[in-house]
Amino acid sequence: MKLTDEDLRALADEACRAATEAGALIAGYRDREVVVREKDAGTGLASQVVTEVDERSEELILRILEPTLGRYDLAVLTEEREDDRRRFEKDHFWCIDPLDGTLPFTRGIPGYSVSIALVGRDGRAMVGVVFDPVEGKLYRAVTGGGVEINGEAFRPSLRKEGALKFFCDCTFPMHPDRDALIGEVETVASCEGYPGVEVIEGAGGVLNACHVLTEGPACYFKKPKMKQGGGSLWDFAATACLFEEAGLHARDFDGRPLDLNRSDSTFMNHRGVCYASTGELAAALRQAGG
């Protein structure tokens, strides 16, 4: 089914409603004890934990978005349910992370969010919505419509003043190559004329990308690896749309478009991801790690 610009705006409206209502639900658990369970997903700690809040958020989102499935002939891919692979049969599918950053959420620190995208069968994100329940910040993008934050048009600053910010996941302090990766970014910063590097650890992948969007010059990346992990389709689909509409770099680590409808897995480890304020910065990061 071909979606018109009006269809995409209507779907973005529904995604915004679902994300903000799910965010309100999540915020209601902020000062309550939550039971954390393990799940079989990927090799990283962040992908192996789940709570009742993840599941309740997902149920709420799906309840709001369910009427759109028949109306617009959509499929669904969401983190806490098995992939039914209908995303390969339909022209578009919802790609949902009901609580990105479960680890910071369970630790009582900021860095978690709700992420909802509409992705074409060709892997292109056409709607991207992210809600940060701590900051009360709603990010929205629609193909051809630019980026809005809390309803206001947003354009990123491309200035080069100040340190290069290197945003990292909450598990980065335990990364075996942490020091080497920081060294690579420091080398890039020096070569590109930045006065230094500010390493910022603690958020989930979705808000790390959003911080690159709004707090540049900055970068956030995951290198390709053999083991399953490196985030999943739902971790990057919404922010890929935000970056595309903002004119910033959201690609795999080799500079190709993100593979957001990967056929053999939902993980992104095969090609990695790289979010950066500019394509030149992304190329320098790639060369430094070469």
# chains A, B, ... in the order shown; residues from 1 in each chain; ligands from 1

$ select_by_dssp --residues "range 35-220 of chain A" --states "strand (DSSP E)" --output "VMD selection string"
chain A and resid 36 to 38 49 to 51 74 to 78 92 to 100 113 to 120 125 to 132 137 to 142 147 to 149 152 to 154 164 to 169 197 to 203 218 to 220

$ select_by_dssp --residues "range 19-204 of chain A" --states "alpha helix (DSSP H)" --output "short mmCIF file (atom, residue, chain, number, x, y, z; two decimals) with N, CA and C atoms, in the first residue's frame"
data_model
loop_
_atom_site.label_atom_id
_atom_site.label_comp_id
_atom_site.auth_asym_id
_atom_site.auth_seq_id
_atom_site.Cartn_x
_atom_site.Cartn_y
_atom_site.Cartn_z
N ALA A 19 3.86 6.92 22.15
CA ALA A 19 5.14 7.10 22.85
C ALA A 19 4.97 7.92 24.12
N THR A 20 4.17 8.99 24.06
CA THR A 20 4.02 9.83 25.25
C THR A 20 3.20 9.11 26.33
N GLU A 21 2.18 8.35 25.93
CA GLU A 21 1.42 7.61 26.93
C GLU A 21 2.26 6.50 27.55
N ALA A 22 3.06 5.83 26.75
CA ALA A 22 3.97 4.82 27.29
C ALA A 22 5.00 5.47 28.21
N GLY A 23 5.48 6.64 27.82
CA GLY A 23 6.43 7.35 28.66
C GLY A 23 5.84 7.73 30.01
N ALA A 24 4.57 8.11 30.02
CA ALA A 24 3.90 8.43 31.29
C ALA A 24 3.79 7.19 32.16
N LEU A 25 3.49 6.06 31.54
CA LEU A 25 3.44 4.80 32.29
C LEU A 25 4.80 4.49 32.91
N ILE A 26 5.85 4.62 32.11
CA ILE A 26 7.21 4.34 32.60
C ILE A 26 7.57 5.28 33.74
N ALA A 27 7.24 6.56 33.59
CA ALA A 27 7.56 7.54 34.63
C ALA A 27 6.88 7.19 35.94
N GLU A 52 8.73 -5.91 33.89
CA GLU A 52 7.29 -5.81 33.59
C GLU A 52 6.97 -4.47 32.94
N VAL A 53 7.80 -3.45 33.17
CA VAL A 53 7.55 -2.14 32.60
C VAL A 53 7.75 -2.18 31.09
N ASP A 54 8.80 -2.87 30.62
CA ASP A 54 8.99 -3.06 29.18
C ASP A 54 7.72 -3.66 28.57
N GLU A 55 7.20 -4.70 29.22
CA GLU A 55 6.06 -5.43 28.67
C GLU A 55 4.77 -4.63 28.74
N ARG A 56 4.56 -3.89 29.82
CA ARG A 56 3.35 -3.07 29.93
C ARG A 56 3.40 -1.90 28.94
N SER A 57 4.58 -1.33 28.77
CA SER A 57 4.74 -0.26 27.79
C SER A 57 4.43 -0.77 26.39
N GLU A 58 4.93 -1.95 26.08
CA GLU A 58 4.68 -2.54 24.76
C GLU A 58 3.19 -2.79 24.54
N GLU A 59 2.52 -3.32 25.55
CA GLU A 59 1.08 -3.58 25.43
C GLU A 59 0.31 -2.30 25.16
N LEU A 60 0.66 -1.23 25.86
CA LEU A 60 -0.01 0.05 25.69
C LEU A 60 0.20 0.59 24.27
N ILE A 61 1.45 0.54 23.81
CA ILE A 61 1.77 1.04 22.46
C ILE A 61 1.00 0.26 21.40
N LEU A 62 1.01 -1.06 21.52
CA LEU A 62 0.33 -1.89 20.52
C LEU A 62 -1.17 -1.65 20.54
N ARG A 63 -1.74 -1.40 21.72
CA ARG A 63 -3.17 -1.12 21.80
C ARG A 63 -3.52 0.16 21.05
N ILE A 64 -2.68 1.16 21.15
CA ILE A 64 -2.92 2.42 20.46
C ILE A 64 -2.71 2.29 18.95
N LEU A 65 -1.68 1.54 18.56
CA LEU A 65 -1.34 1.44 17.14
C LEU A 65 -2.12 0.36 16.39
N GLU A 66 -2.79 -0.53 17.11
CA GLU A 66 -3.47 -1.66 16.47
C GLU A 66 -4.45 -1.23 15.37
N PRO A 67 -5.24 -0.16 15.55
CA PRO A 67 -6.16 0.22 14.47
C PRO A 67 -5.47 0.61 13.17
N THR A 68 -4.20 1.03 13.26
CA THR A 68 -3.49 1.42 12.03
C THR A 68 -3.07 0.23 11.19
N LEU A 69 -3.01 -0.97 11.80
CA LEU A 69 -2.49 -2.13 11.08
C LEU A 69 -3.38 -2.49 9.90
N GLY A 70 -4.68 -2.56 10.15
CA GLY A 70 -5.60 -2.86 9.07
C GLY A 70 -5.84 -1.68 8.15
N ARG A 71 -5.92 -0.49 8.72
CA ARG A 71 -6.24 0.70 7.93
C ARG A 71 -5.16 0.98 6.90
N TYR A 72 -3.89 0.74 7.28
CA TYR A 72 -2.78 1.05 6.38
C TYR A 72 -2.00 -0.19 5.94
N THR A 102 16.79 -0.10 29.37
CA THR A 102 16.25 -0.76 30.55
C THR A 102 17.25 -0.74 31.70
N LEU A 103 18.53 -0.90 31.41
CA LEU A 103 19.53 -0.88 32.49
C LEU A 103 19.56 0.44 33.23
N PRO A 104 19.71 1.59 32.55
CA PRO A 104 19.66 2.84 33.32
C PRO A 104 18.33 3.02 34.05
N PHE A 105 17.23 2.55 33.44
CA PHE A 105 15.93 2.65 34.11
C PHE A 105 15.95 1.89 35.44
N THR A 106 16.46 0.66 35.43
CA THR A 106 16.47 -0.14 36.66
C THR A 106 17.46 0.42 37.68
N ARG A 178 37.52 -0.42 25.83
CA ARG A 178 37.11 0.94 26.16
C ARG A 178 38.25 1.94 25.94
N ASP A 179 39.41 1.68 26.52
CA ASP A 179 40.52 2.64 26.43
C ASP A 179 40.98 2.83 24.99
N ALA A 180 41.01 1.73 24.22
CA ALA A 180 41.45 1.83 22.82
C ALA A 180 40.47 2.65 22.01
N LEU A 181 39.17 2.46 22.25
CA LEU A 181 38.16 3.21 21.50
C LEU A 181 38.22 4.70 21.84
N ILE A 182 38.40 5.00 23.11
CA ILE A 182 38.54 6.41 23.49
C ILE A 182 39.79 7.00 22.83
N GLY A 183 40.87 6.21 22.77
CA GLY A 183 42.09 6.67 22.11
C GLY A 183 41.87 6.98 20.65
N GLU A 184 41.08 6.15 19.97
CA GLU A 184 40.78 6.40 18.56
C GLU A 184 40.01 7.71 18.39
N VAL A 185 39.03 7.94 19.25
CA VAL A 185 38.24 9.17 19.16
C VAL A 185 39.11 10.38 19.47
N GLU A 186 40.02 10.24 20.42
CA GLU A 186 40.94 11.34 20.74
C GLU A 186 41.84 11.66 19.54
N THR A 187 42.28 10.64 18.83
CA THR A 187 43.09 10.86 17.63
C THR A 187 42.30 11.61 16.57
N VAL A 188 41.05 11.21 16.38
CA VAL A 188 40.18 11.89 15.42
C VAL A 188 39.98 13.35 15.82
N ALA A 189 39.71 13.57 17.09
CA ALA A 189 39.48 14.93 17.57
C ALA A 189 40.68 15.81 17.29
N SER A 190 41.86 15.29 17.54
CA SER A 190 43.09 16.06 17.31
C SER A 190 43.27 16.37 15.82
N CYS A 191 43.04 15.37 14.98
CA CYS A 191 43.22 15.56 13.54
C CYS A 191 42.17 16.50 12.94
N GLU A 192 40.97 16.49 13.51
CA GLU A 192 39.88 17.30 12.97
C GLU A 192 39.80 18.69 13.59
#

$ closest_residue --among "A:Phe166, A:Trp234, A:Trp94, A:Tyr275" --to "His249 in chain A" --atoms "only C-alpha atoms"
A:Tyr275

$ closest_residue --among "A:Glu135, A:Glu244, A:Asp235, A:Glu161" --to "Val197 in chain A" --atoms "only C-alpha atoms"
A:Glu161

$ residues_around --residues "Val114 in chain A" --least-positions-apart "3" --cutoff "6 Å" --atoms "only C-alpha atoms" --output "count of residues only"
5

$ closest_residue --among "A:Gly28, A:Pro257, A:Gly136, A:Gly272" --to "Gln228 in chain A" --atoms "only C-alpha atoms"
A:Gly272

$ residues_around --residues "range 246-248 of chain A" --least-positions-apart "3" --cutoff "8 Å" --atoms "only C-alpha atoms" --output "JSON, numbers by chain"
{"A": [146, 147, 154, 155, 156, 213, 242, 243, 275, 276, 277, 278, 279]}

$ closest_residue --among "A:Glu89, A:Asp100, A:Asp132, A:Glu215" --to "Asp169 in chain A" --atoms "only C-alpha atoms"
A:Asp100

$ atom_distance --atom1 "CA of Tyr112 in chain A" --atom2 "CA of Leu233 in chain A"
16.7 Å

$ closest_residue --among "A:Gly120, A:Leu77, A:Thr4, A:Gly101" --to "Thr51 in chain A" --atoms "only C-alpha atoms"
A:Gly101

$ decode --residues "range 69-95 of chain A" --atoms "N, CA and C atoms" --output "CSV table (one decimal), in the first residue's frame"
chain,number,residue,atom,x,y,z
A,69,LEU,N,-3.0,-1.0,11.8
A,69,LEU,CA,-2.5,-2.1,11.1
A,69,LEU,C,-3.4,-2.5,9.9
A,70,GLY,N,-4.7,-2.6,10.2
A,70,GLY,CA,-5.6,-2.9,9.1
A,70,GLY,C,-5.8,-1.7,8.2
A,71,ARG,N,-5.9,-0.5,8.7
A,71,ARG,CA,-6.2,0.7,7.9
A,71,ARG,C,-5.2,1.0,6.9
A,72,TYR,N,-3.9,0.7,7.3
A,72,TYR,CA,-2.8,1.1,6.4
A,72,TYR,C,-2.0,-0.2,5.9
A,73,ASP,N,-2.5,-1.4,6.3
A,73,ASP,CA,-1.9,-2.7,5.9
A,73,ASP,C,-0.4,-2.7,6.4
A,74,LEU,N,-0.2,-2.6,7.7
A,74,LEU,CA,1.1,-2.6,8.3
A,74,LEU,C,1.4,-3.9,9.1
A,75,ALA,N,2.7,-4.2,9.2
A,75,ALA,CA,3.2,-5.2,10.0
A,75,ALA,C,3.8,-4.6,11.3
A,76,VAL,N,4.2,-5.4,12.2
A,76,VAL,CA,4.8,-5.0,13.5
A,76,VAL,C,6.0,-5.8,13.8
A,77,LEU,N,7.1,-5.1,14.2
A,77,LEU,CA,8.2,-5.7,14.8
A,77,LEU,C,8.5,-5.0,16.2
A,78,THR,N,8.5,-5.7,17.3
A,78,THR,CA,8.6,-5.1,18.5
A,78,THR,C,9.5,-5.9,19.4
A,79,GLU,N,10.2,-5.3,20.4
A,79,GLU,CA,11.3,-6.0,21.0
A,79,GLU,C,10.9,-7.2,21.9
A,80,GLU,N,9.8,-7.1,22.5
A,80,GLU,CA,9.5,-8.1,23.5
A,80,GLU,C,8.6,-9.2,22.9
A,81,ARG,N,8.3,-9.2,21.6
A,81,ARG,CA,7.6,-10.3,21.0
A,81,ARG,C,8.3,-10.9,19.8
A,82,GLU,N,8.1,-12.2,19.6
A,82,GLU,CA,8.8,-12.9,18.5
A,82,GLU,C,8.5,-12.3,17.2
A,83,ASP,N,9.5,-12.2,16.4
A,83,ASP,CA,9.4,-11.6,15.0
A,83,ASP,C,8.6,-12.6,14.2
A,84,ASP,N,7.4,-12.2,13.7
A,84,ASP,CA,6.5,-13.0,12.9
A,84,ASP,C,6.9,-13.0,11.4
A,85,ARG,N,7.8,-12.1,11.1
A,85,ARG,CA,8.4,-12.0,9.7
A,85,ARG,C,7.4,-11.4,8.7
A,86,ARG,N,6.3,-10.9,9.2
A,86,ARG,CA,5.3,-10.3,8.2
A,86,ARG,C,5.9,-9.0,7.7
A,87,ARG,N,7.0,-8.5,8.3
A,87,ARG,CA,7.6,-7.2,7.8
A,87,ARG,C,8.2,-7.5,6.4
A,88,PHE,N,8.3,-8.7,6.0
A,88,PHE,CA,8.8,-9.0,4.6
A,88,PHE,C,7.7,-9.1,3.6
A,89,GLU,N,6.5,-9.1,4.1
A,89,GLU,CA,5.3,-9.3,3.3
A,89,GLU,C,4.6,-8.0,3.0
A,90,LYS,N,4.6,-7.1,4.0
A,90,LYS,CA,3.9,-5.8,4.0
A,90,LYS,C,4.9,-4.7,3.4
A,91,ASP,N,4.3,-3.6,2.9
A,91,ASP,CA,5.1,-2.5,2.4
A,91,ASP,C,5.7,-1.7,3.5
A,92,HIS,N,5.1,-1.7,4.7
A,92,HIS,CA,5.6,-1.0,5.8
A,92,HIS,C,5.4,-1.7,7.1
A,93,PHE,N,6.2,-1.4,8.2
A,93,PHE,CA,6.0,-2.0,9.5
A,93,PHE,C,6.4,-1.1,10.6
A,94,TRP,N,5.7,-1.2,11.7
A,94,TRP,CA,6.1,-0.5,12.9
A,94,TRP,C,7.3,-1.2,13.5
A,95,CYS,N,8.2,-0.4,14.0
A,95,CYS,CA,9.4,-1.0,14.6
A,95,CYS,C,9.5,-0.3,16.0
